[in-house]
>>> print(open('upload.txt').read())   # compact mmCIF, C-alpha atoms (C1' of nucleotides)
# COMPACT_ATOMS: atom_id res chain seq x y z
CA MET Z 1 0.00 0.00 0.00
CA ALA Z 2 1.18 3.50 -0.69
CA ARG Z 3 1.70 6.12 1.93
CA PRO Z 4 -1.71 6.49 3.55
CA ARG Z 5 -3.70 9.65 3.46
CA SER Z 6 -2.79 10.67 6.91
CA ASP Z 7 -5.19 12.45 9.20
CA ASP Z 8 -2.10 14.31 10.33
CA ARG Z 9 -2.04 16.13 7.04
CA ARG Z 10 -5.71 16.95 7.28
CA ASN Z 11 -5.16 18.33 10.74
CA ALA Z 12 -2.12 20.25 9.60
CA ILE Z 13 -4.21 21.91 6.91
CA MET Z 14 -6.97 22.68 9.41
CA ALA Z 15 -4.46 24.18 11.83
CA ALA Z 16 -2.84 26.23 9.08
CA ALA Z 17 -6.25 27.37 7.85
CA THR Z 18 -7.10 28.49 11.38
CA LYS Z 19 -3.98 30.59 11.56
CA ILE Z 20 -4.25 32.09 8.10
CA ILE Z 21 -7.99 32.76 8.27
CA ALA Z 22 -7.59 34.34 11.69
CA ALA Z 23 -5.04 36.71 10.20
CA GLN Z 24 -6.49 37.35 6.74
CA GLY Z 25 -10.13 36.40 6.88
CA ILE Z 26 -12.12 34.07 4.67
CA GLY Z 27 -10.68 35.65 1.55
CA ALA Z 28 -7.22 34.24 2.25
CA PRO Z 29 -5.88 32.26 -0.72
CA THR Z 30 -5.84 28.50 -0.45
CA ALA Z 31 -2.25 28.55 -1.68
CA LEU Z 32 -1.24 30.36 1.50
CA ILE Z 33 -3.03 27.84 3.67
CA ALA Z 34 -1.39 24.97 1.83
CA LYS Z 35 2.01 26.58 2.19
CA ALA Z 36 1.52 27.17 5.91
CA ALA Z 37 0.55 23.52 6.28
CA GLY Z 38 3.71 22.40 4.45
CA VAL Z 39 1.64 20.94 1.64
CA SER Z 40 1.36 21.71 -2.05
CA ASN Z 41 -1.71 23.60 -3.12
CA GLY Z 42 -2.74 20.69 -5.28
CA SER Z 43 -2.68 18.41 -2.27
CA LEU Z 44 -5.05 20.62 -0.35
CA PHE Z 45 -7.75 19.69 -2.84
CA THR Z 46 -7.27 15.99 -2.27
CA TYR Z 47 -8.17 16.48 1.38
CA PHE Z 48 -10.94 19.00 0.78
CA GLU Z 49 -13.07 18.99 -2.34
CA THR Z 50 -13.34 22.76 -2.47
CA LYS Z 51 -12.37 25.77 -0.43
CA ALA Z 52 -15.95 25.97 0.84
CA ASP Z 53 -15.64 22.37 2.02
CA LEU Z 54 -12.55 23.24 4.03
CA LEU Z 55 -14.31 26.22 5.59
CA ASN Z 56 -17.30 24.15 6.57
CA GLN Z 57 -15.18 21.39 8.11
CA LEU Z 58 -13.15 23.94 10.01
CA TYR Z 59 -16.29 25.64 11.29
CA ILE Z 60 -17.71 22.38 12.61
CA ASP Z 61 -14.37 21.44 14.16
CA LEU Z 62 -13.85 24.70 16.02
CA LYS Z 63 -17.43 25.08 17.14
CA SER Z 64 -17.52 21.53 18.44
CA GLU Z 65 -14.27 22.04 20.32
CA LEU Z 66 -15.74 25.12 21.95
CA GLY Z 67 -18.84 23.25 22.97
CA ALA Z 68 -16.83 20.35 24.37
CA VAL Z 69 -14.54 22.60 26.39
CA ALA Z 70 -17.44 24.49 27.91
CA VAL Z 71 -19.03 21.38 29.42
CA ASP Z 72 -15.75 19.82 30.51
CA GLY Z 73 -15.84 19.17 34.26
CA PHE Z 74 -19.50 20.13 34.43
CA PRO Z 75 -20.54 20.43 38.11
CA VAL Z 76 -23.48 18.03 38.03
CA GLY Z 77 -24.62 18.36 41.63
CA GLU Z 78 -24.45 22.14 41.88
CA GLY Z 79 -27.16 24.75 41.46
CA GLN Z 80 -28.06 26.33 38.18
CA ARG Z 81 -26.16 29.51 38.87
CA GLU Z 82 -22.92 27.63 39.48
CA GLN Z 83 -23.49 25.42 36.48
CA LEU Z 84 -24.03 28.36 34.19
CA ALA Z 85 -21.05 30.17 35.70
CA HIS Z 86 -18.93 27.11 34.95
CA VAL Z 87 -20.02 27.01 31.33
CA TRP Z 88 -19.58 30.76 31.02
CA ALA Z 89 -16.05 30.60 32.38
CA GLY Z 90 -15.27 27.70 30.06
CA LEU Z 91 -16.46 29.57 26.98
CA LEU Z 92 -14.50 32.67 27.88
CA ARG Z 93 -11.38 30.73 28.84
CA TRP Z 94 -11.23 28.83 25.56
CA SER Z 95 -11.89 31.97 23.56
CA THR Z 96 -9.22 33.99 25.29
CA ALA Z 97 -6.69 31.16 25.43
CA ASN Z 98 -7.11 30.40 21.72
CA PRO Z 99 -7.35 33.79 20.09
CA GLU Z 100 -6.55 32.45 16.62
CA LYS Z 101 -9.20 29.75 16.78
CA ARG Z 102 -11.67 32.28 18.08
CA ARG Z 103 -10.83 34.78 15.42
CA ALA Z 104 -11.12 32.18 12.69
CA LEU Z 105 -14.44 31.05 14.13
CA LYS Z 106 -15.63 34.63 14.17
CA HIS Z 107 -14.92 34.94 10.46
CA LEU Z 108 -16.56 31.60 9.77
CA ASN Z 109 -19.62 32.59 11.75
CA VAL Z 110 -20.47 35.28 9.23
CA ALA Z 111 -19.17 33.49 6.13
CA GLU Z 112 -21.76 32.78 3.47
CA GLU Z 113 -19.79 29.71 2.44
CA VAL Z 114 -20.66 27.98 5.71
CA VAL Z 115 -23.97 26.33 5.01
CA THR Z 116 -26.94 25.75 7.30
CA SER Z 117 -26.34 22.04 7.66
CA SER Z 118 -22.85 22.70 9.04
CA ARG Z 119 -24.28 25.13 11.56
CA GLU Z 120 -26.79 22.50 12.62
CA ALA Z 121 -24.09 19.85 12.85
CA ALA Z 122 -22.08 22.10 15.13
CA ARG Z 123 -25.05 22.83 17.36
CA CYS Z 124 -25.26 19.24 18.54
CA GLY Z 125 -22.11 19.74 20.63
CA PHE Z 126 -24.11 22.25 22.62
CA GLY Z 127 -26.92 19.93 23.70
CA GLU Z 128 -25.96 19.91 27.37
CA ILE Z 129 -25.57 23.67 27.44
CA THR Z 130 -28.89 24.17 25.68
CA SER Z 131 -30.82 22.18 28.25
CA LEU Z 132 -29.03 23.93 31.10
CA ILE Z 133 -30.11 27.27 29.71
CA GLU Z 134 -33.65 26.04 29.26
CA ARG Z 135 -33.82 24.99 32.91
CA ALA Z 136 -32.16 28.16 34.15
CA ARG Z 137 -34.59 30.55 32.56
CA GLU Z 138 -37.81 28.61 32.90
CA ASN Z 139 -38.80 30.31 36.15
CA GLY Z 140 -37.50 33.78 35.36
CA PRO Z 141 -38.87 36.72 33.41
CA MET Z 142 -37.50 35.37 30.14
CA HIS Z 143 -39.35 32.07 30.33
CA ALA Z 144 -41.72 33.18 27.57
CA ALA Z 145 -39.00 34.41 25.23
CA PRO Z 146 -38.13 32.13 22.33
CA TYR Z 147 -35.03 30.06 23.00
CA GLY Z 148 -33.29 31.38 19.92
CA LEU Z 149 -33.61 34.96 21.05
CA PHE Z 150 -32.14 34.20 24.43
CA ALA Z 151 -29.35 32.11 22.95
CA ALA Z 152 -28.54 34.96 20.59
CA PHE Z 153 -28.32 37.35 23.55
CA MET Z 154 -26.03 35.00 25.38
CA SER Z 155 -23.59 34.40 22.59
CA ALA Z 156 -23.67 38.10 21.73
CA ILE Z 157 -22.73 39.02 25.29
CA ALA Z 158 -20.06 36.34 25.34
CA GLU Z 159 -18.64 37.64 22.09
CA ALA Z 160 -18.58 41.22 23.34
CA THR Z 161 -16.96 40.13 26.59
CA VAL Z 162 -14.22 38.17 24.86
CA GLU Z 163 -13.53 41.08 22.55
CA PHE Z 164 -13.17 43.27 25.58
CA ILE Z 165 -10.99 40.88 27.54
CA LEU Z 166 -8.60 40.60 24.64
CA GLN Z 167 -8.29 44.37 24.61
CA ASP Z 168 -7.80 44.56 28.35
CA PRO Z 169 -6.46 41.21 29.55
CA GLU Z 170 -5.30 42.45 32.96
CA ASN Z 171 -8.88 42.80 34.14
CA ALA Z 172 -10.08 39.60 32.54
CA ASP Z 173 -11.57 38.22 35.73
CA ALA Z 174 -13.42 41.42 36.48
CA HIS Z 175 -14.87 41.51 32.97
CA ARG Z 176 -15.88 37.88 33.21
CA GLN Z 177 -17.62 38.52 36.50
CA THR Z 178 -19.31 41.67 35.21
CA SER Z 179 -20.63 39.90 32.16
CA PHE Z 180 -21.84 36.87 34.07
CA ASP Z 181 -23.63 39.05 36.61
CA ALA Z 182 -25.25 40.98 33.78
CA LEU Z 183 -26.30 37.73 32.14
CA TRP Z 184 -27.71 36.34 35.37
CA ARG Z 185 -29.60 39.55 36.03
CA MET Z 186 -31.05 39.26 32.56
CA ILE Z 187 -32.27 35.73 33.23
CA GLY Z 188 -33.95 36.78 36.41
CA MET R 1 -19.60 75.45 -17.38
CA ALA R 2 -19.91 71.80 -18.19
CA ARG R 3 -22.36 69.48 -16.51
CA PRO R 4 -21.45 69.42 -12.83
CA ARG R 5 -20.44 66.33 -10.99
CA SER R 6 -23.85 65.70 -9.55
CA ASP R 7 -24.39 64.53 -5.99
CA ASP R 8 -27.26 62.57 -7.46
CA ARG R 9 -24.78 60.23 -9.09
CA ARG R 10 -22.82 59.87 -5.91
CA ASN R 11 -25.98 59.00 -4.05
CA ALA R 12 -27.05 56.62 -6.76
CA ILE R 13 -23.76 54.78 -6.40
CA MET R 14 -24.10 54.72 -2.62
CA ALA R 15 -27.64 53.35 -2.89
CA ALA R 16 -26.57 50.75 -5.42
CA ALA R 17 -23.61 49.78 -3.27
CA THR R 18 -25.94 49.31 -0.31
CA LYS R 19 -28.13 46.97 -2.29
CA ILE R 20 -25.30 44.97 -3.85
CA ILE R 21 -23.22 44.73 -0.69
CA ALA R 22 -26.26 43.66 1.31
CA ALA R 23 -26.77 40.84 -1.16
CA GLN R 24 -23.20 39.80 -1.94
CA GLY R 25 -21.04 41.15 0.84
CA ILE R 26 -17.92 43.30 0.68
CA GLY R 27 -16.45 41.10 -2.02
CA ALA R 28 -19.01 42.24 -4.57
CA PRO R 29 -17.33 43.56 -7.72
CA THR R 30 -17.33 47.31 -8.27
CA ALA R 31 -18.54 46.66 -11.81
CA LEU R 32 -21.80 45.30 -10.42
CA ILE R 33 -22.27 48.30 -8.18
CA ALA R 34 -21.62 50.65 -11.08
CA LYS R 35 -24.08 48.78 -13.25
CA ALA R 36 -26.76 48.84 -10.57
CA ALA R 37 -26.23 52.57 -10.24
CA GLY R 38 -26.63 53.05 -13.99
CA VAL R 39 -23.07 54.26 -14.32
CA SER R 40 -20.03 52.95 -16.12
CA ASN R 41 -17.43 51.23 -13.98
CA GLY R 42 -14.92 53.86 -14.96
CA SER R 43 -17.21 56.59 -13.65
CA LEU R 44 -17.43 54.98 -10.25
CA PHE R 45 -13.76 55.76 -9.76
CA THR R 46 -14.24 59.43 -10.49
CA TYR R 47 -16.65 59.65 -7.54
CA PHE R 48 -14.66 57.38 -5.25
CA GLU R 49 -10.89 57.09 -5.39
CA THR R 50 -10.86 53.40 -4.60
CA LYS R 51 -13.25 50.66 -3.62
CA ALA R 52 -12.10 51.05 -0.02
CA ASP R 53 -12.98 54.73 -0.19
CA LEU R 54 -16.50 53.88 -1.29
CA LEU R 55 -16.85 51.37 1.53
CA ASN R 56 -15.68 53.89 4.13
CA GLN R 57 -18.01 56.61 2.87
CA LEU R 58 -20.90 54.18 2.86
CA TYR R 59 -20.12 53.04 6.37
CA ILE R 60 -20.11 56.59 7.72
CA ASP R 61 -23.29 57.40 5.83
CA LEU R 62 -25.27 54.43 7.09
CA LYS R 63 -24.00 54.58 10.65
CA SER R 64 -24.75 58.30 10.89
CA GLU R 65 -28.23 57.74 9.53
CA LEU R 66 -28.83 55.09 12.17
CA GLY R 67 -27.64 57.40 14.92
CA ALA R 68 -29.76 60.27 13.67
CA VAL R 69 -32.90 58.16 13.44
CA ALA R 70 -32.46 56.81 16.96
CA VAL R 71 -32.48 60.25 18.58
CA ASP R 72 -35.22 61.63 16.36
CA GLY R 73 -38.07 62.89 18.53
CA PHE R 74 -36.06 62.30 21.69
CA PRO R 75 -38.37 62.71 24.74
CA VAL R 76 -36.36 65.32 26.61
CA GLY R 77 -38.54 65.67 29.68
CA GLU R 78 -39.12 61.97 30.30
CA GLY R 79 -37.36 59.56 32.65
CA GLN R 80 -34.33 57.55 31.69
CA ARG R 81 -36.30 54.39 31.12
CA GLU R 82 -38.58 56.07 28.60
CA GLN R 83 -35.67 57.78 26.93
CA LEU R 84 -33.76 54.58 26.50
CA ALA R 85 -36.87 52.79 25.33
CA HIS R 86 -37.33 55.49 22.71
CA VAL R 87 -33.79 55.10 21.43
CA TRP R 88 -34.10 51.33 21.51
CA ALA R 89 -37.30 51.39 19.51
CA GLY R 90 -35.71 53.80 17.05
CA LEU R 91 -32.69 51.58 16.49
CA LEU R 92 -34.81 48.49 15.98
CA ARG R 93 -37.32 50.27 13.77
CA TRP R 94 -34.69 51.59 11.39
CA SER R 95 -32.90 48.25 11.27
CA THR R 96 -36.02 46.27 10.51
CA ALA R 97 -37.48 48.85 8.13
CA ASN R 98 -34.25 49.06 6.15
CA PRO R 99 -33.01 45.49 5.97
CA GLU R 100 -30.66 46.19 3.06
CA LYS R 101 -29.03 49.13 4.78
CA ARG R 102 -28.71 47.11 7.93
CA ARG R 103 -27.27 44.15 6.13
CA ALA R 104 -24.77 46.30 4.30
CA LEU R 105 -23.83 47.97 7.56
CA LYS R 106 -23.35 44.58 9.15
CA HIS R 107 -20.87 43.62 6.46
CA LEU R 108 -19.11 46.96 6.75
CA ASN R 109 -18.88 46.62 10.52
CA VAL R 110 -16.53 43.68 10.17
CA ALA R 111 -14.77 44.81 7.00
CA GLU R 112 -11.04 45.38 7.33
CA GLU R 113 -11.25 48.02 4.61
CA VAL R 114 -13.19 50.32 6.92
CA VAL R 115 -10.51 52.19 8.83
CA THR R 116 -10.49 53.41 12.42
CA SER R 117 -10.92 57.06 11.51
CA SER R 118 -14.16 56.24 9.70
CA ARG R 119 -15.42 54.39 12.73
CA GLU R 120 -14.59 57.37 14.89
CA ALA R 121 -16.24 59.75 12.46
CA ALA R 122 -19.40 57.67 12.61
CA ARG R 123 -19.40 57.54 16.39
CA CYS R 124 -19.99 61.28 16.71
CA GLY R 125 -23.59 60.80 15.58
CA PHE R 126 -24.10 58.78 18.74
CA GLY R 127 -23.08 61.45 21.25
CA GLU R 128 -26.55 61.96 22.66
CA ILE R 129 -27.11 58.24 23.00
CA THR R 130 -23.76 57.74 24.68
CA SER R 131 -24.45 60.27 27.40
CA LEU R 132 -27.93 58.87 27.94
CA ILE R 133 -26.45 55.45 28.52
CA GLU R 134 -23.86 56.87 30.88
CA ARG R 135 -26.57 58.50 32.97
CA ALA R 136 -28.81 55.46 32.90
CA ARG R 137 -26.28 53.05 34.31
CA GLU R 138 -24.46 55.29 36.75
CA ASN R 139 -26.59 54.26 39.71
CA GLY R 140 -27.03 50.61 38.81
CA PRO R 141 -24.90 47.50 39.27
CA MET R 142 -23.00 48.17 36.04
CA HIS R 143 -21.79 51.60 37.08
CA ALA R 144 -18.27 50.25 37.53
CA ALA R 145 -18.13 48.42 34.22
CA PRO R 146 -16.15 50.12 31.45
CA TYR R 147 -18.37 52.01 29.05
CA GLY R 148 -17.05 50.06 26.10
CA LEU R 149 -18.08 46.75 27.60
CA PHE R 150 -21.59 47.94 28.27
CA ALA R 151 -21.89 49.53 24.83
CA ALA R 152 -20.75 46.27 23.29
CA PHE R 153 -23.44 44.38 25.24
CA MET R 154 -26.07 46.80 24.09
CA SER R 155 -25.24 46.75 20.43
CA ALA R 156 -24.81 42.99 20.58
CA ILE R 157 -28.28 42.56 22.06
CA ALA R 158 -29.72 44.99 19.54
CA GLU R 159 -28.08 43.07 16.73
CA ALA R 160 -29.40 39.75 18.01
CA THR R 161 -32.87 41.18 18.43
CA VAL R 162 -32.99 42.59 14.93
CA GLU R 163 -31.79 39.29 13.51
CA PHE R 164 -34.58 37.58 15.38
CA ILE R 165 -37.26 40.06 14.38
CA LEU R 166 -36.38 39.65 10.72
CA GLN R 167 -36.81 35.90 11.11
CA ASP R 168 -40.12 36.27 12.92
CA PRO R 169 -41.61 39.63 11.97
CA GLU R 170 -45.12 38.87 13.26
CA ASN R 171 -43.95 39.04 16.85
CA ALA R 172 -41.69 42.03 16.33
CA ASP R 173 -43.27 44.04 19.14
CA ALA R 174 -42.98 41.18 21.59
CA HIS R 175 -39.33 40.65 20.73
CA ARG R 176 -38.62 44.34 21.05
CA GLN R 177 -40.27 44.41 24.45
CA THR R 178 -38.46 41.27 25.58
CA SER R 179 -35.10 42.63 24.57
CA PHE R 180 -35.66 46.02 26.13
CA ASP R 181 -36.78 44.45 29.40
CA ALA R 182 -33.71 42.23 29.38
CA LEU R 183 -31.52 45.23 28.70
CA TRP R 184 -33.13 47.24 31.47
CA ARG R 185 -32.79 44.38 33.91
CA MET R 186 -29.13 44.21 32.98
CA ILE R 187 -28.65 47.89 33.73
CA GLY R 188 -30.26 47.51 37.09
C1' DC K 1 -29.24 81.63 -35.01
C1' DC K 2 -25.35 78.88 -36.16
C1' DT K 3 -20.39 77.36 -35.77
C1' DG K 4 -16.13 76.16 -33.55
C1' DC K 5 -13.62 75.95 -29.59
C1' DA K 6 -12.47 75.13 -24.64
C1' DT K 7 -13.60 72.72 -20.54
C1' DG K 8 -14.90 69.19 -18.03
C1' DT K 9 -17.40 64.46 -17.63
C1' DT K 10 -18.59 59.78 -18.96
C1' DT K 11 -17.43 55.73 -21.10
C1' DG K 12 -15.99 50.82 -21.65
C1' DA K 13 -12.28 48.22 -23.62
C1' DC K 14 -8.30 47.05 -21.63
C1' DC K 15 -4.38 45.76 -18.31
C1' DA K 16 -1.95 43.51 -14.83
C1' DG K 17 -2.65 40.80 -11.04
C1' DT K 18 -5.06 37.20 -8.36
C1' DC K 19 -7.45 33.02 -7.34
C1' DA K 20 -9.70 28.32 -7.07
C1' DG K 21 -9.19 24.29 -9.03
C1' DT K 22 -6.89 20.74 -12.61
C1' DC K 23 -3.85 17.28 -14.31
C1' DA K 24 0.30 15.27 -16.33
C1' DT K 25 4.21 13.93 -13.98
C1' DT K 26 7.05 12.40 -10.07
C1' DT K 27 7.76 10.09 -5.73
C1' DG K 28 8.44 6.44 -2.58
C1' DA K 29 6.49 2.75 0.41
C1' DA K 30 5.27 -1.97 -0.02
C1' DT O 1 7.77 -3.33 -10.08
C1' DT O 2 3.47 -1.20 -8.82
C1' DC O 3 0.34 2.34 -7.90
C1' DA O 4 -1.93 5.55 -4.67
C1' DA O 5 -0.54 9.91 -3.09
C1' DA O 6 1.83 14.23 -3.67
C1' DT O 7 3.26 17.82 -6.56
C1' DG O 8 3.30 22.48 -8.72
C1' DA O 9 3.00 24.61 -13.21
C1' DC O 10 -0.84 25.80 -15.51
C1' DT O 11 -5.74 27.38 -16.86
C1' DG O 12 -9.71 30.05 -17.18
C1' DA O 13 -12.42 33.16 -14.86
C1' DC O 14 -12.60 37.34 -12.55
C1' DT O 15 -11.17 41.84 -10.34
C1' DG O 16 -9.78 46.64 -9.16
C1' DG O 17 -8.28 50.27 -11.47
C1' DT O 18 -6.63 53.02 -15.96
C1' DC O 19 -6.91 55.85 -19.93
C1' DA O 20 -7.64 57.46 -24.57
C1' DA O 21 -11.48 58.51 -27.00
C1' DA O 22 -16.36 60.14 -27.16
C1' DC O 23 -19.47 63.21 -25.52
C1' DA O 24 -22.01 67.12 -23.25
C1' DT O 25 -22.07 71.90 -22.19
C1' DG O 26 -21.21 76.96 -22.13
C1' DC O 27 -19.58 80.66 -24.67
C1' DA O 28 -17.44 83.95 -28.22
C1' DG O 29 -17.72 85.69 -32.57
C1' DG O 30 -19.67 85.58 -37.15
>>> encode(input="upload.txt", output="structure tokens")
Amino acid sequence: MARPRSDDRRNAIMAAATKIIAAQGIGAPTALIAKAAGVSNGSLFTYFETKADLLNQLYIDLKSELGAVAVDGFPVGEGQREQLAHVWAGLLRWSTANPEKRRALKHLNVAEEVVTSSREAARCGFGEITSLIERARENGPMHAAPYGLFAAFMSAIAEATVEFILQDPENADAHRQTSFDALWRMIG
Amino acid sequence: MARPRSDDRRNAIMAAATKIIAAQGIGAPTALIAKAAGVSNGSLFTYFETKADLLNQLYIDLKSELGAVAVDGFPVGEGQREQLAHVWAGLLRWSTANPEKRRALKHLNVAEEVVTSSREAARCGFGEITSLIERARENGPMHAAPYGLFAAFMSAIAEATVEFILQDPENADAHRQTSFDALWRMIG
DNA sequence: CCTGCATGTTTGACCAGTCAGTCATTTGAA
DNA sequence: TTCAAATGACTGACTGGTCAAACATGCAGG
């Protein structure tokens, strides 16, 4: 058998794409990504059918990683406030500790090339978080609001907080606390 | 004197750019914008030095319009809650009534081509709103939070709300109310 | 009223550069 | 030797921006 199509290469391309897209946005040339991955540009297209395919895969990958990190070490026995605080801290920690991944994800979030089915696929990594949120708000003033609206608020606040922490990292903890308190006040 | 460089043409290009950029994003070819404006592609570059110049002008234009609309009919004598509700309603009304302008603005907001000085220039249309927000939160639990963080929360929530209203226009009023209540709860 | 000229504007074919994706050729493990 | 995998020069499509020619307009003098 010939040298196998290694997953290592795939991952190298994904990692390179993360870096390049974080720096240059979705418009970055595939040739640059291939080069950064130590791969010929022709090879890139044996691992990903099209550029759009690469972007979609990367989106799912990053989003899933974010979801997984946020529920890691989930405090099962605790109250809702502590559980949500845990998830909140996890989201912010990953985003601030992996600025390139976050930045790439930010670009992918608004990219037209990333199709609906990819967005749905990525959502399934957030099942635990979704149900936590549902439970947390069901007795508060936002119980009647559609879930999507509330989820949009949450991720919007998270996004704004991360943006702010990256600008002012010294007060990261304070900003995290401020944003969580604001979020909790919003819930009820 | 020969036919003057009409502002009408400039505006036509701006309007066309709004439409095309809303539909295709920042990457839309200038030729398409020129065509939609009923102008040759060469002419476009007599009104705007470069594509980036056009994007910056358009950004300032749209953002200023949004700011102006939000403070239109500002209820000077009323309480802070009513004042903020007025601004909130104004922001959401403009955004939902002008989906193309909003969509174009959304693209421009994240465009690298739009430089810092343009963003600053656009901010001055929001002076009134800024001071209102400062007054509104100065006695609440967010009084210690940096202004930028709070402003980011606000515009993030507004953005999420608009997105949601456009998906579910029948319940626009309910969503507007929900989001304002959430915002007000956040303030204190 | 017409004609010719000067001034300034509009035009669109064109240019140079860029990009995603292809494919004939090479490589190297089995 | 065999053959899947890797390569990178190449292609065709497209883009922002240019520029020489065409055109509109106002005016002076016949």
>>> atom_distance(input="upload.txt", atom1="CA of Thr46 in chain R", atom2="C1' of DG12 in chain K")
14.2 Å
>>> axis_aligned_box(input="upload.txt", around="range 7-23 of chain O", padding_each_side="8 Å", output="JSON")
{"center_x": -8.1, "center_y": 40.5, "center_z": -16.9, "size_x": 38.8, "size_y": 61.4, "size_z": 36.6}
>>> residues_around(input="upload.txt", residues="Gly67 in chain R", least_positions_apart="5", cutoff="12 Å", atoms="only C-alpha atoms (C1' of nucleotides)", output="PDB file with C-alpha atoms, in the frame of the given file")
ATOM      1  CA  ILE R  60     -20.110  56.590   7.720  1.00  0.00           C
ATOM      2  CA  ASP R  61     -23.290  57.400   5.830  1.00  0.00           C
ATOM      3  CA  LEU R  62     -25.270  54.430   7.090  1.00  0.00           C
ATOM      4  CA  ASP R  72     -35.220  61.630  16.360  1.00  0.00           C
ATOM      5  CA  PHE R  74     -36.060  62.300  21.690  1.00  0.00           C
ATOM      6  CA  VAL R  87     -33.790  55.100  21.430  1.00  0.00           C
ATOM      7  CA  TRP R  88     -34.100  51.330  21.510  1.00  0.00           C
ATOM      8  CA  GLY R  90     -35.710  53.800  17.050  1.00  0.00           C
ATOM      9  CA  LEU R  91     -32.690  51.580  16.490  1.00  0.00           C
ATOM     10  CA  LEU R  92     -34.810  48.490  15.980  1.00  0.00           C
ATOM     11  CA  TRP R  94     -34.690  51.590  11.390  1.00  0.00           C
ATOM     12  CA  SER R  95     -32.900  48.250  11.270  1.00  0.00           C
ATOM     13  CA  ALA R 121     -16.240  59.750  12.460  1.00  0.00           C
ATOM     14  CA  ALA R 122     -19.400  57.670  12.610  1.00  0.00           C
ATOM     15  CA  ARG R 123     -19.400  57.540  16.390  1.00  0.00           C
ATOM     16  CA  CYS R 124     -19.990  61.280  16.710  1.00  0.00           C
ATOM     17  CA  GLY R 125     -23.590  60.800  15.580  1.00  0.00           C
ATOM     18  CA  PHE R 126     -24.100  58.780  18.740  1.00  0.00           C
ATOM     19  CA  GLY R 127     -23.080  61.450  21.250  1.00  0.00           C
ATOM     20  CA  GLU R 128     -26.550  61.960  22.660  1.00  0.00           C
ATOM     21  CA  ILE R 129     -27.110  58.240  23.000  1.00  0.00           C
ATOM     22  CA  THR R 130     -23.760  57.740  24.680  1.00  0.00           C
TER      23      THR R 130
END
>>> closest_residue(input="upload.txt", among="O:DA21, O:DA9, O:DA4, O:DC14", to="chain R", atoms="all atoms listed in the file")
O:DC14
>>> residues_around(input="upload.txt", residues="range 3-6 of chain K", least_positions_apart="6", cutoff="10 Å", atoms="only C-alpha atoms (C1' of nucleotides)", output="list in words")
DG26, DC27, DA28, DG29 and DG30 of chain O
>>> interface_residues(input="upload.txt", of="chain O", to="chain Z", cutoff="12 Å", atoms="only C-alpha atoms (C1' of nucleotides)", output="VMD selection string")
chain O and resid 2 to 10
>>> atom_distance(input="upload.txt", atom1="C1' of DA20 in chain K", atom2="CA of Ala34 in chain Z")
12.6 Å
